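Novice: Input structure: input_21.tsv, which contains TSV, C-alpha atoms.
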```tsv
chain	number	residue	atom	x	y	z
A	1	MET	CA	150.38	16.94	23.05
A	2	HIS	CA	147.18	14.92	22.86
A	3	TYR	CA	146.76	11.66	24.75
A	4	SER	CA	143.53	9.70	25.06
A	5	ARG	CA	142.40	6.22	26.01
A	6	PRO	CA	139.28	4.23	26.88
A	7	ALA	CA	138.12	4.14	30.50
A	8	CYS	CA	138.67	1.20	32.83
A	9	ALA	CA	136.23	-1.68	32.33
A	10	ALA	CA	133.90	-0.64	35.16
A	11	LEU	CA	133.36	2.81	33.62
A	12	ARG	CA	132.94	1.82	29.98
A	13	PRO	CA	129.12	1.81	30.09
A	14	PHE	CA	129.39	5.50	31.00
A	15	VAL	CA	132.65	6.83	29.56
A	16	LYS	CA	133.58	6.95	25.88
A	17	ARG	CA	137.14	8.16	26.43
A	18	LEU	CA	139.46	10.10	28.74
A	19	TRP	CA	141.98	12.56	27.39
A	20	VAL	CA	144.80	15.00	28.14
A	21	PHE	CA	145.56	17.95	25.87
A	22	SER	CA	148.30	20.56	26.07
A	23	GLN	CA	149.54	23.25	23.71
A	24	THR	CA	151.98	26.12	23.80
A	25	ALA	CA	150.86	29.65	23.07
A	26	SER	CA	150.26	30.43	19.41
A	27	ARG	CA	148.78	33.29	17.46
A	28	PRO	CA	145.29	34.30	18.63
A	29	ALA	CA	142.58	32.40	16.78
A	30	PHE	CA	139.03	31.16	16.95
A	31	GLU	CA	137.55	27.72	16.70
A	32	HIS	CA	134.21	26.18	15.85
A	33	VAL	CA	133.68	23.25	18.21
A	34	LEU	CA	131.30	20.92	16.40
A	35	PRO	CA	128.53	18.97	18.12
A	36	THR	CA	129.13	15.34	19.07
A	37	GLY	CA	125.84	14.66	20.84
A	38	ASP	CA	127.86	13.78	23.96
A	39	MET	CA	128.50	15.42	27.31
A	40	HIS	CA	132.04	16.39	28.34
A	41	LEU	CA	133.80	17.20	31.62
A	42	VAL	CA	136.97	19.30	31.43
A	43	PHE	CA	139.49	20.46	34.04
A	44	ARG	CA	141.95	23.11	32.90
A	45	LEU	CA	145.05	22.63	35.02
A	46	ARG	CA	147.22	25.32	33.43
A	47	GLY	CA	146.40	28.39	31.38
A	48	ALA	CA	143.41	30.69	31.11
A	49	PRO	CA	139.88	29.31	31.58
A	50	LEU	CA	137.72	28.43	28.59
A	51	ARG	CA	136.47	31.52	26.74
A	52	LEU	CA	133.35	31.20	24.61
A	53	VAL	CA	132.98	33.52	21.64
A	54	THR	CA	130.06	34.80	19.55
A	55	PRO	CA	129.97	37.37	16.73
A	56	ALA	CA	128.30	39.84	19.08
A	57	ARG	CA	130.87	39.28	21.83
A	58	PRO	CA	134.34	38.62	20.33
A	59	VAL	CA	135.81	37.67	23.71
A	60	SER	CA	133.19	36.52	26.19
A	61	GLU	CA	133.35	36.11	29.93
A	62	ALA	CA	135.59	33.19	30.87
A	63	MET	CA	134.23	30.06	32.52
A	64	SER	CA	135.72	28.47	35.62
A	65	LEU	CA	138.65	26.04	35.49
A	66	ALA	CA	136.30	23.03	35.63
A	67	VAL	CA	133.27	22.87	33.34
A	68	ILE	CA	130.61	20.51	32.05
A	69	GLY	CA	130.07	20.82	28.33
A	70	GLY	CA	126.48	19.81	27.72
A	71	PRO	CA	125.32	18.04	24.55
A	72	ARG	CA	124.63	20.48	21.72
A	73	THR	CA	122.73	20.56	18.47
A	74	ARG	CA	125.06	23.12	16.84
A	75	PHE	CA	128.65	24.34	17.02
A	76	TYR	CA	129.87	26.90	19.52
A	77	GLY	CA	132.68	29.43	19.21
A	78	LYS	CA	135.84	29.21	21.28
A	79	TRP	CA	138.91	31.42	21.70
A	80	ILE	CA	142.20	29.53	21.21
A	81	GLY	CA	145.86	30.44	21.05
A	82	ASP	CA	146.72	30.48	24.76
A	83	ALA	CA	149.08	27.97	26.36
A	84	VAL	CA	146.83	25.44	28.11
A	85	TYR	CA	146.87	22.04	29.76
A	86	SER	CA	143.54	20.25	30.22
A	87	VAL	CA	142.24	16.83	31.16
A	88	GLY	CA	138.75	15.63	30.40
A	89	VAL	CA	136.15	12.96	29.88
A	90	GLN	CA	133.71	12.32	27.04
A	91	PHE	CA	130.59	10.49	28.21
A	92	TYR	CA	128.02	8.22	26.67
A	93	PRO	CA	124.38	9.34	26.99
A	94	GLY	CA	122.70	8.69	30.33
A	95	VAL	CA	125.44	9.79	32.73
A	96	ALA	CA	124.13	13.21	33.79
A	97	GLU	CA	121.78	12.20	36.60
A	98	PRO	CA	123.93	9.51	38.27
A	99	LEU	CA	127.12	11.60	38.07
A	100	PHE	CA	125.94	15.21	38.36
A	101	GLY	CA	122.52	14.84	39.97
A	102	VAL	CA	120.62	16.71	37.25
A	103	PRO	CA	118.92	15.56	34.03
A	104	ALA	CA	120.92	15.96	30.84
A	105	ASP	CA	118.53	18.48	29.33
A	106	ALA	CA	119.32	20.86	32.22
A	107	LEU	CA	122.93	20.92	30.96
A	108	ALA	CA	122.27	20.87	27.21
A	109	GLU	CA	123.27	23.64	24.78
A	110	ARG	CA	125.55	25.30	27.32
A	111	HIS	CA	128.63	25.09	29.49
A	112	THR	CA	128.09	24.80	33.24
A	113	ASN	CA	130.70	25.51	35.88
A	114	LEU	CA	131.25	22.21	37.70
A	115	ASP	CA	131.06	23.78	41.16
A	116	ALA	CA	127.41	24.61	40.43
A	117	VAL	CA	126.62	20.89	40.81
A	118	TRP	CA	129.56	19.50	42.81
A	119	GLY	CA	130.22	22.48	45.09
A	120	GLN	CA	133.47	22.45	47.05
A	121	TYR	CA	134.23	18.91	45.89
A	122	THR	CA	135.22	20.45	42.53
A	123	GLU	CA	138.25	22.17	44.08
A	124	GLN	CA	139.29	18.95	45.83
A	125	VAL	CA	139.29	17.08	42.52
A	126	TRP	CA	141.16	19.91	40.78
A	127	GLU	CA	143.86	19.81	43.47
A	128	ARG	CA	144.19	16.02	43.18
A	129	LEU	CA	144.62	16.35	39.42
A	130	LEU	CA	147.20	19.08	39.85
A	131	ALA	CA	149.17	16.91	42.29
A	132	ALA	CA	149.35	14.02	39.82
A	133	THR	CA	152.67	14.12	37.99
A	134	THR	CA	151.92	12.36	34.68
A	135	PRO	CA	149.02	12.34	32.21
A	136	GLU	CA	148.23	8.72	33.03
A	137	GLN	CA	148.12	9.46	36.76
A	138	GLN	CA	145.74	12.33	36.07
A	139	LEU	CA	143.40	10.08	34.11
A	140	ARG	CA	143.47	7.55	36.94
A	141	VAL	CA	142.42	10.32	39.33
A	142	LEU	CA	139.45	11.08	37.07
A	143	GLU	CA	138.52	7.39	36.97
A	144	ALA	CA	138.69	7.14	40.76
A	145	VAL	CA	136.47	10.21	41.11
A	146	MET	CA	133.84	8.83	38.74
A	147	LEU	CA	133.91	5.37	40.32
A	148	ALA	CA	133.27	6.98	43.71
A	149	ARG	CA	130.43	9.19	42.48
A	150	LEU	CA	128.51	6.84	40.20
A	151	PRO	CA	126.14	5.04	42.61
A	152	GLY	CA	125.94	1.28	42.40
A	153	LEU	CA	128.46	1.06	39.60
A	154	CYS	CA	130.50	-1.69	41.21
A	155	PHE	CA	129.54	-4.50	43.56
A	156	SER	CA	132.17	-6.76	45.13
A	157	GLY	CA	134.69	-5.55	42.60
A	158	ARG	CA	132.57	-6.50	39.59
A	159	SER	CA	131.42	-3.92	37.07
A	160	LEU	CA	127.83	-3.77	35.93
A	161	PRO	CA	127.25	-5.04	32.38
A	162	GLY	CA	125.57	-1.76	31.35
A	163	ASN	CA	124.31	1.62	32.43
A	164	LYS	CA	121.55	0.57	34.86
A	165	SER	CA	120.58	4.19	35.55
A	166	MET	CA	119.15	4.54	32.03
A	167	HIS	CA	115.51	3.79	31.25
A	168	PRO	CA	115.32	0.54	29.23
A	169	ALA	CA	113.37	2.25	26.45
A	170	ILE	CA	116.16	4.80	25.99
A	171	ALA	CA	118.89	2.15	26.02
A	172	PHE	CA	116.85	0.30	23.40
A	173	GLY	CA	116.37	3.49	21.36
A	174	LEU	CA	120.06	4.36	21.36
A	175	SER	CA	120.90	0.85	20.20
A	176	ARG	CA	118.36	1.05	17.38
A	177	PHE	CA	119.51	4.51	16.30
A	178	ALA	CA	123.05	3.15	16.06
A	179	GLN	CA	121.67	0.52	13.67
A	180	GLY	CA	120.13	3.22	11.47
A	181	ALA	CA	116.50	3.03	12.65
A	182	THR	CA	114.34	6.13	12.27
A	183	VAL	CA	112.70	8.03	15.12
A	184	THR	CA	109.28	6.84	13.96
A	185	GLU	CA	110.41	3.20	14.00
A	186	VAL	CA	112.01	3.46	17.43
A	187	VAL	CA	109.04	5.21	19.04
A	188	ARG	CA	106.66	2.60	17.63
A	189	GLU	CA	108.86	-0.26	18.82
A	190	SER	CA	109.22	1.28	22.29
A	191	GLY	CA	105.49	1.04	22.94
A	192	TYR	CA	105.35	4.60	24.25
A	193	SER	CA	103.79	7.72	22.78
A	194	HIS	CA	106.13	10.01	20.87
A	195	ARG	CA	105.72	12.71	23.53
A	196	TYR	CA	106.55	10.41	26.45
A	197	PHE	CA	109.47	8.72	24.67
A	198	ASN	CA	110.93	12.09	23.74
A	199	ALA	CA	110.63	13.36	27.32
A	200	LEU	CA	112.54	10.31	28.56
A	201	PHE	CA	115.08	10.66	25.77
A	202	LYS	CA	115.80	14.34	26.47
A	203	ARG	CA	116.18	13.67	30.18
A	204	ALA	CA	118.78	10.98	29.48
A	205	THR	CA	120.67	12.48	26.52
A	206	GLY	CA	119.92	16.21	26.65
A	207	LEU	CA	118.60	16.23	23.08
A	208	SER	CA	115.36	15.34	21.41
A	209	SER	CA	115.43	12.06	19.52
A	210	LYS	CA	115.24	13.96	16.21
A	211	ALA	CA	118.12	16.29	17.15
A	212	TYR	CA	120.20	13.37	18.43
A	213	CYS	CA	119.81	11.52	15.12
A	214	ARG	CA	120.67	14.69	13.21
A	215	VAL	CA	123.94	15.05	15.14
A	216	ARG	CA	124.69	11.34	14.70
A	217	ARG	CA	124.26	11.78	10.96
A	218	LEU	CA	126.85	14.58	11.08
A	219	GLN	CA	129.31	12.15	12.69
A	220	GLN	CA	128.93	9.84	9.70
A	221	VAL	CA	129.77	12.70	7.35
A	222	LEU	CA	132.80	13.80	9.37
A	223	ALA	CA	134.14	10.26	9.52
A	224	ALA	CA	133.81	9.60	5.77
A	225	PRO	CA	136.97	9.40	3.62
A	226	ARG	CA	137.93	12.76	2.10
A	227	ASP	CA	137.51	11.49	-1.44
A	228	THR	CA	133.85	10.54	-0.90
A	229	THR	CA	131.65	12.73	-3.08
A	230	LEU	CA	128.88	14.81	-1.52
A	231	ALA	CA	126.32	12.82	-3.49
A	232	GLU	CA	127.67	9.56	-2.05
A	233	LEU	CA	127.71	11.08	1.46
A	234	ALA	CA	124.12	12.22	1.14
A	235	LEU	CA	123.03	8.73	0.11
A	236	THR	CA	124.95	6.74	2.73
A	237	ALA	CA	124.20	9.11	5.64
A	238	GLY	CA	120.47	9.20	4.94
A	239	PHE	CA	119.97	12.73	3.61
A	240	ALA	CA	117.18	13.43	1.14
A	241	ASP	CA	119.69	14.74	-1.42
A	242	GLN	CA	122.98	16.61	-1.72
A	243	ALA	CA	121.33	19.99	-1.11
A	244	HIS	CA	119.87	18.66	2.15
A	245	LEU	CA	123.34	17.50	3.24
A	246	GLN	CA	124.87	20.91	2.49
A	247	ARG	CA	122.14	22.84	4.35
A	248	ASP	CA	122.28	20.60	7.40
A	249	PHE	CA	126.07	20.54	7.51
A	250	ARG	CA	126.34	24.32	7.40
A	251	ASN	CA	123.66	24.73	10.05
A	252	LEU	CA	125.42	22.36	12.46
A	253	THR	CA	129.03	23.40	11.80
A	254	GLY	CA	128.91	26.99	10.51
A	255	VAL	CA	130.76	26.09	7.29
A	256	THR	CA	130.02	24.22	4.08
A	257	PRO	CA	131.26	20.64	3.57
A	258	LEU	CA	133.79	21.84	0.99
A	259	THR	CA	135.11	24.56	3.31
A	260	TYR	CA	135.48	21.97	6.06
A	261	ARG	CA	137.51	19.74	3.76
A	262	HIS	CA	139.64	22.66	2.63
A	263	LEU	CA	140.46	23.60	6.23
A	264	ALA	CA	141.32	19.93	6.95
A	265	PRO	CA	141.19	20.09	10.76
A	266	ARG	CA	143.56	17.92	12.75
A	267	PHE	CA	140.73	16.96	15.10
A	268	ALA	CA	137.40	16.37	13.38
A	269	HIS	CA	135.30	18.40	15.83
A	270	HIS	CA	137.67	21.36	16.24
A	271	LEU	CA	137.73	23.68	13.25
A	272	GLN	CA	140.04	26.72	13.33
A	273	VAL	CA	138.46	29.72	11.62
A	274	ASN	CA	139.32	33.38	11.02
A	275	PHE	CA	136.15	34.55	12.75
A	276	ILE	CA	133.18	32.99	14.47
A	277	GLN	CA	130.04	32.48	12.41
A	278	ASP	CA	126.63	33.33	13.79
A	279	SER	CA	125.42	30.23	15.65
A	280	GLU	CA	121.83	31.44	15.95
```
Let me see the structure of the file written as structure tokens.
Specialist:
Amino acid sequence: MHYSRPACAALRPFVKRLWVFSQTASRPAFEHVLPTGDMHLVFRLRGAPLRLVTPARPVSEAMSLAVIGGPRTRFYGKWIGDAVYSVGVQFYPGVAEPLFGVPADALAERHTNLDAVWGQYTEQVWERLLAATTPEQQLRVLEAVMLARLPGLCFSGRSLPGNKSMHPAIAFGLSRFAQGATVTEVVRESGYSHRYFNALFKRATGLSSKAYCRVRRLQQVLAAPRDTTLAELALTAGFADQAHLQRDFRNLTGVTPLTYRHLAPRFAHHLQVNFIQDSE
């Protein structure tokens, strides 16, 4: 079962979507989880905790039952096959400091146990989620938690028109990147030096501006119709040529574009594989 929806209006500057996922036990398998450029918060309400996998460590030490998945520049390996029930949130850039009290780059390229930043409050939230009897009730619990912890989000019942915790230059940069602007163009238009802009950008998003654009370009490739040729993809997504697309795709996902299409994953960012590739 997979259920997802947008957040309530007050949270939409911060939250891309909320979701519930459950599965019964199946044969043991591995998964490449592909980078989205976003930060995630996940509570596992039933089943074993998340287990990260690398070629050197086929079954790694498990995480806690509540984790922050920081923004990443490459895929990570995950053990799947257990019966699980999880609820989670996918965030827009800029939420780390107001919600978790740390800059995004402190959480990037890794998973962090939520109690490391929320302490005992983590268990209180987990128990509230467990007490909720339907997926929709569980998502409403998550919304209530975020509304309570995001400072200044609401005033007299009215939601803010945007994420006011984000530096204006970064909000501007994200908007321009969504329009297809280059890093050079955005830095010049911001009025800041490349070094200063990048420091602000990493603090807000967890990634350098160059890495963020690289991951965004991957999203364009993943979202393209299956019958689009690699040459067409390279052109429309802004790669230098088809060879550049293939190199970048393999580096970020661990597989070639053709292998990805052959495997035809149900969820674009979750690719079941026979073994985990080297992510270094």
Novice: Using all atoms listed in the file for the distances, tell me which of A:Gly70, A:Met146, A:Phe275, A:Gly88 is nearest to Cys8 in chain A.
Specialist: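 Smallest distance to Cys8 in chain A is found for A:Met146.
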Novice: Which of these residues is nearest to Val125 in chain A, using all atoms listed in the file: A:Gln138, A:Asn251, A:Thr73, A:Ser190?
Specialist: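 Looking only at the distances to Val125 in chain A, the closest residue turns out to be A:Gln138.
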Novice: CA of Asn113 in chain A and CA of Val145 in chain A, how far apart in Å?
Specialist: 17.2 Å
Novice: Would you please work out which residue, of A:Ala204, A:Leu147, A:Leu34, A:Leu130, is nearest to Leu107 in chain A when using only C-alpha atoms?
Specialist: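 So, comparing all the options, the nearest one is A:Ala204.
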Novice: Counting all atoms listed in the file, find residues at most 8 Å from (141.2, 31.1, 14.9) (file frame) and give them as a compact mmCIF listing (two decimals) with C-alpha atoms, in the frame of the given file.
Specialist:
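This went into part32.txt:
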```
# COMPACT_ATOMS: atom_id res chain seq x y z
CA PRO A 28 145.29 34.30 18.63
CA ALA A 29 142.58 32.40 16.78
CA PHE A 30 139.03 31.16 16.95
CA GLU A 31 137.55 27.72 16.70
CA TRP A 79 138.91 31.42 21.70
CA ILE A 80 142.20 29.53 21.21
CA GLY A 81 145.86 30.44 21.05
CA GLN A 272 140.04 26.72 13.33
CA VAL A 273 138.46 29.72 11.62
CA ASN A 274 139.32 33.38 11.02
CA PHE A 275 136.15 34.55 12.75
```
Novice: Quick one: contact table of range 74-151 of chain A to range 253-268 of chain A, 12 Å max, nearest atom pair and distance in Å to one decimal per residue, counting all atoms listed in the file, chain and number order, as JSON lines?
Specialist:
```
{"residue": "A:Arg74", "atom": "CA", "partner": "A:Thr253", "partner_atom": "CA", "distance": 6.4}
{"residue": "A:Phe75", "atom": "CA", "partner": "A:Thr253", "partner_atom": "CA", "distance": 5.3}
{"residue": "A:Tyr76", "atom": "CA", "partner": "A:Thr253", "partner_atom": "CA", "distance": 8.5}
{"residue": "A:Gly77", "atom": "CA", "partner": "A:Gly254", "partner_atom": "CA", "distance": 9.8}
```
Novice: What is the CA of Thr236 in chain A-CA of Met39 in chain A distance in Å, reported with one decimal?
Specialist: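 CA of Met39 in chain A lies at a distance of 26.3 Å from CA of Thr236 in chain A.
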Novice: As an exercise, work out the distance from CA of Trp118 in chain A to CA of Pro135 in chain A in Å and give it to one decimal place.
Specialist: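 CA of Trp118 in chain A sits 23.3 Å away from CA of Pro135 in chain A.
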Novice: Pick from A:Gln120, A:Ser22, A:Ser175, A:Thr133: nearest to Val84 in chain A, with only C-alpha atoms counted?
Specialist: A:Ser22
Novice: Which is closer to Arg140 in chain A than all the others in A:Leu114, A:Ala96, A:Leu50, A:Val87, using all atoms listed in the file?
Specialist: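 Distance minimum relative to Arg140 in chain A lands on A:Val87.
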Novice: Compare A:Ser209, A:Phe249, A:Gly180, A:Arg214 by their minimum atom-to-atom distance to Leu230 in chain A, counting all atoms listed in the file, and give me the closest one.
Specialist: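 The closest residue to Leu230 in chain A is A:Phe249.
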